[in-house]
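Listing of start_37.cif; format and content: mmCIF, C-alpha atoms.
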data_data
#
loop_
_atom_site.label_atom_id
_atom_site.label_comp_id
_atom_site.auth_asym_id
_atom_site.auth_seq_id
_atom_site.Cartn_x
_atom_site.Cartn_y
_atom_site.Cartn_z
CA MET A 417 11.18 12.77 -10.98
CA ARG A 418 13.87 10.31 -12.01
CA TYR A 419 11.59 7.90 -13.83
CA PRO A 420 8.89 9.94 -15.60
CA PHE A 421 7.87 7.02 -17.83
CA LEU A 422 7.51 4.74 -14.82
CA ALA A 423 5.54 7.41 -12.99
CA SER A 424 3.16 7.77 -15.90
CA MET A 425 2.66 4.03 -16.21
CA LEU A 426 2.07 3.65 -12.47
CA ALA A 427 -0.48 6.46 -12.53
CA LEU A 428 -2.28 4.70 -15.37
CA LEU A 429 -2.19 1.37 -13.53
CA THR A 430 -3.55 2.78 -10.31
CA SER A 431 -5.85 5.46 -11.76
CA GLY A 432 -5.73 7.28 -8.48
CA ALA A 433 -3.49 9.12 -6.09
CA VAL A 434 0.15 8.19 -6.42
CA ALA A 435 3.12 9.25 -4.31
CA TYR A 436 6.73 8.53 -5.13
CA ALA A 437 9.43 7.93 -2.58
CA ASN A 438 13.03 6.83 -2.35
CA ASP A 439 14.20 3.37 -1.35
CA THR A 440 13.76 3.87 2.40
CA ASP A 441 11.36 2.06 4.67
CA PRO A 442 8.79 4.50 6.08
CA THR A 443 8.23 4.43 9.84
CA ALA A 444 4.62 5.48 10.00
CA PRO A 445 2.17 4.86 12.82
CA ALA A 446 1.06 1.23 12.87
CA THR A 447 -2.52 1.72 14.07
CA ALA A 448 -5.50 3.97 13.55
CA PRO A 449 -8.98 3.97 15.07
CA ALA A 450 -11.57 2.10 13.07
CA THR A 451 -15.27 1.42 13.15
CA THR A 452 -17.73 -0.25 10.87
CA MET A 453 -21.48 -0.19 11.00
CA ASN A 454 -21.55 -3.64 12.62
CA GLU A 455 -18.45 -3.49 14.80
CA PRO A 456 -17.50 -1.61 17.95
CA THR A 457 -14.57 0.78 17.86
CA THR A 458 -11.34 -1.18 17.39
CA LYS A 459 -7.80 -0.58 16.30
CA ILE A 460 -6.84 -1.43 12.74
CA GLU A 461 -3.33 -2.77 12.57
CA LYS A 462 -1.35 -2.26 9.44
CA VAL A 463 -1.78 -5.15 7.05
CA ASP A 464 1.21 -6.71 5.27
CA LEU A 465 0.32 -8.65 2.12
CA PHE A 466 3.09 -10.87 0.79
CA PHE A 467 4.00 -11.86 -2.77
CA ASP A 468 6.08 -14.55 -4.44
CA THR A 469 9.38 -13.67 -6.11
CA ASN A 470 8.92 -11.44 -9.17
CA SER A 471 5.12 -11.67 -8.86
CA ALA A 472 2.32 -9.16 -8.38
CA THR A 473 -0.33 -11.83 -7.71
CA LEU A 474 -1.79 -11.90 -4.20
CA LYS A 475 -1.21 -15.23 -2.47
CA GLN A 476 -4.49 -15.05 -0.54
CA ASP A 477 -7.23 -12.66 0.56
CA ASP A 478 -6.36 -11.46 4.05
CA PRO A 479 -9.31 -10.99 6.45
CA GLU A 480 -7.49 -8.00 7.96
CA LEU A 481 -7.59 -6.32 4.53
CA THR A 482 -11.37 -6.79 4.55
CA LYS A 483 -11.56 -5.14 7.99
CA LEU A 484 -9.47 -2.24 6.72
CA ALA A 485 -11.69 -1.91 3.64
CA ASN A 486 -14.81 -1.86 5.82
CA TRP A 487 -13.25 0.82 8.02
CA ALA A 488 -12.39 2.95 4.98
CA LYS A 489 -15.93 2.67 3.61
CA CYS A 490 -17.68 3.69 6.84
CA ASP A 491 -16.50 7.32 6.89
CA SER A 492 -15.63 9.62 4.00
CA ARG A 493 -12.63 10.92 5.99
CA ASN A 494 -10.99 7.49 6.09
CA ALA A 495 -8.26 6.60 3.61
CA ILE A 496 -5.81 3.78 3.02
CA ILE A 497 -2.13 4.21 2.22
CA LEU A 498 -0.58 1.36 0.24
CA GLU A 499 3.20 1.02 0.33
CA GLY A 500 4.63 -1.25 -2.37
CA HIS A 501 7.97 -2.96 -1.72
CA ALA A 502 10.29 -5.43 -3.45
CA ASP A 503 13.17 -7.45 -2.08
CA ARG A 504 16.76 -6.32 -2.50
CA ARG A 505 17.35 -8.37 -5.65
CA GLY A 506 16.78 -6.87 -9.09
CA THR A 507 17.51 -3.46 -10.56
CA ARG A 508 16.07 -0.31 -9.08
CA ALA A 509 13.84 0.27 -12.12
CA HIS A 510 12.54 -3.31 -12.06
CA ASN A 511 11.87 -3.20 -8.32
CA LEU A 512 9.99 0.11 -8.58
CA THR A 513 7.85 -1.26 -11.40
CA LEU A 514 7.18 -4.51 -9.52
CA SER A 515 6.34 -2.61 -6.32
CA GLY A 516 3.88 -0.47 -8.30
CA GLU A 517 2.25 -3.54 -9.84
CA ARG A 518 1.88 -5.12 -6.39
CA ALA A 519 0.33 -1.96 -4.96
CA ALA A 520 -2.03 -1.77 -7.98
CA THR A 521 -3.14 -5.36 -7.31
CA VAL A 522 -3.99 -4.55 -3.68
CA ARG A 523 -5.64 -1.28 -4.75
CA GLN A 524 -7.91 -3.17 -7.13
CA LYS A 525 -8.76 -5.67 -4.38
CA LEU A 526 -9.81 -2.76 -2.12
CA ILE A 527 -11.90 -1.22 -4.91
CA ASP A 528 -13.56 -4.63 -5.44
CA LYS A 529 -14.40 -4.56 -1.71
CA GLY A 530 -16.12 -1.18 -2.19
CA VAL A 531 -13.45 1.31 -1.16
CA PRO A 532 -13.67 4.45 -3.33
CA SER A 533 -10.51 4.81 -5.43
CA SER A 534 -10.19 8.45 -4.37
CA ARG A 535 -9.42 7.27 -0.83
CA ILE A 536 -6.54 4.98 -1.75
CA VAL A 537 -3.05 6.49 -1.88
CA VAL A 538 -0.16 4.49 -3.34
CA SER A 539 3.51 4.92 -2.38
CA VAL A 540 6.17 2.91 -4.20
CA TYR A 541 9.47 2.24 -2.48
CA GLY A 542 11.10 -0.49 -4.57
CA LYS A 543 13.58 -2.34 -2.42
CA LEU A 544 13.95 -1.51 1.25
CA GLY A 545 16.81 0.57 2.57
CA ASN A 546 16.94 -1.54 5.73
CA PRO A 547 16.45 -5.18 4.70
CA ARG A 548 14.09 -7.35 6.71
CA PRO A 549 15.25 -10.71 8.08
CA THR A 550 14.11 -12.66 5.01
CA LEU A 551 13.58 -11.84 1.35
CA ALA A 552 9.98 -13.08 1.63
CA GLN A 553 9.22 -10.38 4.22
CA GLU A 554 10.51 -7.69 1.85
CA ARG A 555 8.16 -8.69 -1.01
CA ARG A 556 5.02 -7.01 0.25
CA VAL A 557 2.46 -4.27 0.18
CA THR A 558 1.71 -2.65 3.51
CA ALA A 559 -1.78 -1.18 3.86
CA ARG A 560 -2.25 1.45 6.60
CA ALA A 561 -5.21 3.42 7.82
CA ALA A 562 -5.09 7.22 7.46
CA SER A 563 -7.42 10.20 7.46
CA THR A 564 -8.02 12.45 4.48
CA PRO A 565 -6.42 14.53 3.32
CA VAL A 566 -3.28 12.42 3.52
CA THR A 567 -0.28 14.59 4.37
CA PRO A 568 3.22 14.23 2.90
CA GLU A 569 4.49 13.35 6.39
CA GLU A 570 2.21 10.33 6.47
CA LEU A 571 3.74 9.08 3.22
CA SER A 572 7.35 9.47 4.29
CA GLY A 573 6.90 8.04 7.76
#
Would you mind giving the structure from this file in structure tokens?
Amino acid sequence: MRYPFLASMLALLTSGAVAYANDTDPTAPATAPATTMNEPTTKIEKVDLFFDTNSATLKQDDPELTKLANWAKCDSRNAIILEGHADRRGTRAHNLTLSGERAATVRQKLIDKGVPSSRIVVSVYGKLGNPRPTLAQERRVTARAASTPVTPEELSG
């Protein structure tokens, strides 16, 4: 682990499962089956939540995040992987910290919606290896549906 202090702080912030990765963009499956008690079987798309520059405050509550939270709550085998990202500006250490803070914000939002913390896995990538078209698209947390136990392959894409 290159940043043991950062890892410890992130673990304290998230108080749950934490995975560490390099600065590459994972290419994981975009959809997973989902059901809630009141909805028919549907596909849950990944949810991208965007942030302002150098901020870990959510701009708005996304209805798709609520759907994903409901899906995760309906079956104890359902989990959510959060991937924190920052844009290509800033130092590596700063971007990793900021990505962790963003993921912790989304994690707390999911917990507030009733998702058990034990079913939320956080991956922090800092800046992307392959930049997106705009800086605003890079400043995000991607939430994806997964099944427990989450495998290392699901975290690395």
Contacts of Ser533 (chain A) within 12 Å, only C-alpha atoms, excl. fewer than 3 positions in-chain, as JSON, numbers by chain: {"A": [430, 431, 432, 433, 434, 485, 488, 489, 492, 494, 495, 496, 497, 498, 520, 522, 523, 524, 525, 526, 527, 528, 529, 530, 536, 537, 538]}
Since we have the selection now, will you write its residues out, keeping C-alpha atoms, as a JSON list (two decimals), in the coordinates of the input?
[["chain", "number", "residue", "atom", "x", "y", "z"],
["A", 430, "THR", "CA", -3.55, 2.78, -10.31],
["A", 431, "SER", "CA", -5.85, 5.46, -11.76],
["A", 432, "GLY", "CA", -5.73, 7.28, -8.48],
["A", 433, "ALA", "CA", -3.49, 9.12, -6.09],
["A", 434, "VAL", "CA", 0.15, 8.19, -6.42],
["A", 485, "ALA", "CA", -11.69, -1.91, 3.64],
["A", 488, "ALA", "CA", -12.39, 2.95, 4.98],
["A", 489, "LYS", "CA", -15.93, 2.67, 3.61],
["A", 492, "SER", "CA", -15.63, 9.62, 4.00],
["A", 494, "ASN", "CA", -10.99, 7.49, 6.09],
["A", 495, "ALA", "CA", -8.26, 6.60, 3.61],
["A", 496, "ILE", "CA", -5.81, 3.78, 3.02],
["A", 497, "ILE", "CA", -2.13, 4.21, 2.22],
["A", 498, "LEU", "CA", -0.58, 1.36, 0.24],
["A", 520, "ALA", "CA", -2.03, -1.77, -7.98],
["A", 522, "VAL", "CA", -3.99, -4.55, -3.68],
["A", 523, "ARG", "CA", -5.64, -1.28, -4.75],
["A", 524, "GLN", "CA", -7.91, -3.17, -7.13],
["A", 525, "LYS", "CA", -8.76, -5.67, -4.38],
["A", 526, "LEU", "CA", -9.81, -2.76, -2.12],
["A", 527, "ILE", "CA", -11.90, -1.22, -4.91],
["A", 528, "ASP", "CA", -13.56, -4.63, -5.44],
["A", 529, "LYS", "CA", -14.40, -4.56, -1.71],
["A", 530, "GLY", "CA", -16.12, -1.18, -2.19],
["A", 536, "ILE", "CA", -6.54, 4.98, -1.75],
["A", 537, "VAL", "CA", -3.05, 6.49, -1.88],
["A", 538, "VAL", "CA", -0.16, 4.49, -3.34]]
Nearest candidate to Arg560 (chain A) (options A:Arg504, A:Arg518, A:Arg535, A:His510; using only C-alpha atoms):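 Once distances to Arg560 (chain A) are computed over only C-alpha atoms, the minimum belongs to A:Arg535.
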Given all atoms listed in the file as the counted atoms, nearest of A:Arg493, A:Lys483, A:Lys462, A:Arg505 to Thr558 (chain A):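 The closest residue to Thr558 (chain A) is A:Lys462.
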Reference answer for the PyMOL selection byres ((chain A and resi 516) around 9), as a list in words: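 Taken on the displayed file, the PyMOL selection byres ((chain A and resi 516) around 9) yields the residues Leu426, Leu429, Thr430, Ala472, Glu499, Gly500, His501, Asn511, Leu512, Thr513, Leu514, Ser515, Glu517, Arg518, Ala519, Ala520, Thr521, Val538, Ser539, Val540, Tyr541 and Gly542 of chain A.
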Coordinates-based distance that separates CA of Thr469 (chain A) from CA of Leu481 (chain A) (Å, one decimal): 21.3 Å
Picked residues, the PyMOL selection byres ((chain A and resi 480) around 10), as a list in words: Ile460, Glu461, Lys462, Val463, Asp464, Leu465, Asp477, Asp478, Pro479, Leu481, Thr482, Lys483, Leu484, Ala485, Asn486 and Ala559 of chain A
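Computed from the coordinates, the CA of Leu551 (chain A) to CA of Leu571 (chain A) distance equals 23.2 Å.
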Atom pair CA of Glu554 (chain A) / CA of Phe467 (chain A): separation (Å):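 CA of Phe467 (chain A) lies at a distance of 9.0 Å from CA of Glu554 (chain A).
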Enclose the full set of atoms of region 495-501 of chain A listed in the file within a box whose edges lie along x, y and z, apply 5 Å of padding to each of the six sides, and report centre and edge lengths in Å to one decimal as lines of an AutoDock Vina configuration file.
center_x = -0.1
center_y = 1.8
center_z = 0.6
size_x = 26.2
size_y = 19.6
size_z = 16.0
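Minimum atom-to-atom distances from A:Glu570, A:Arg555, A:Pro565, A:Ala509 to Thr473 (chain A) were compared using all atoms listed in the file, and the lowest value belongs to A:Arg555.
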Nearest-residue call for Cys490 (chain A), choices A:Arg556, A:Thr567, A:Ala502, A:Pro532, using all atoms listed in the file: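 When distances to Cys490 (chain A) are compared using all atoms listed in the file, the smallest one comes from A:Pro532.
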Counting all atoms listed in the file, the option among A:Ala561, A:Glu569, A:Gln553, A:Trp487 closest to Val531 (chain A): A:Trp487
Residue nearest Ser534 (chain A) among A:Lys475, A:Thr564, A:Asp491, A:Asn470 (counting only C-alpha atoms): A:Thr564
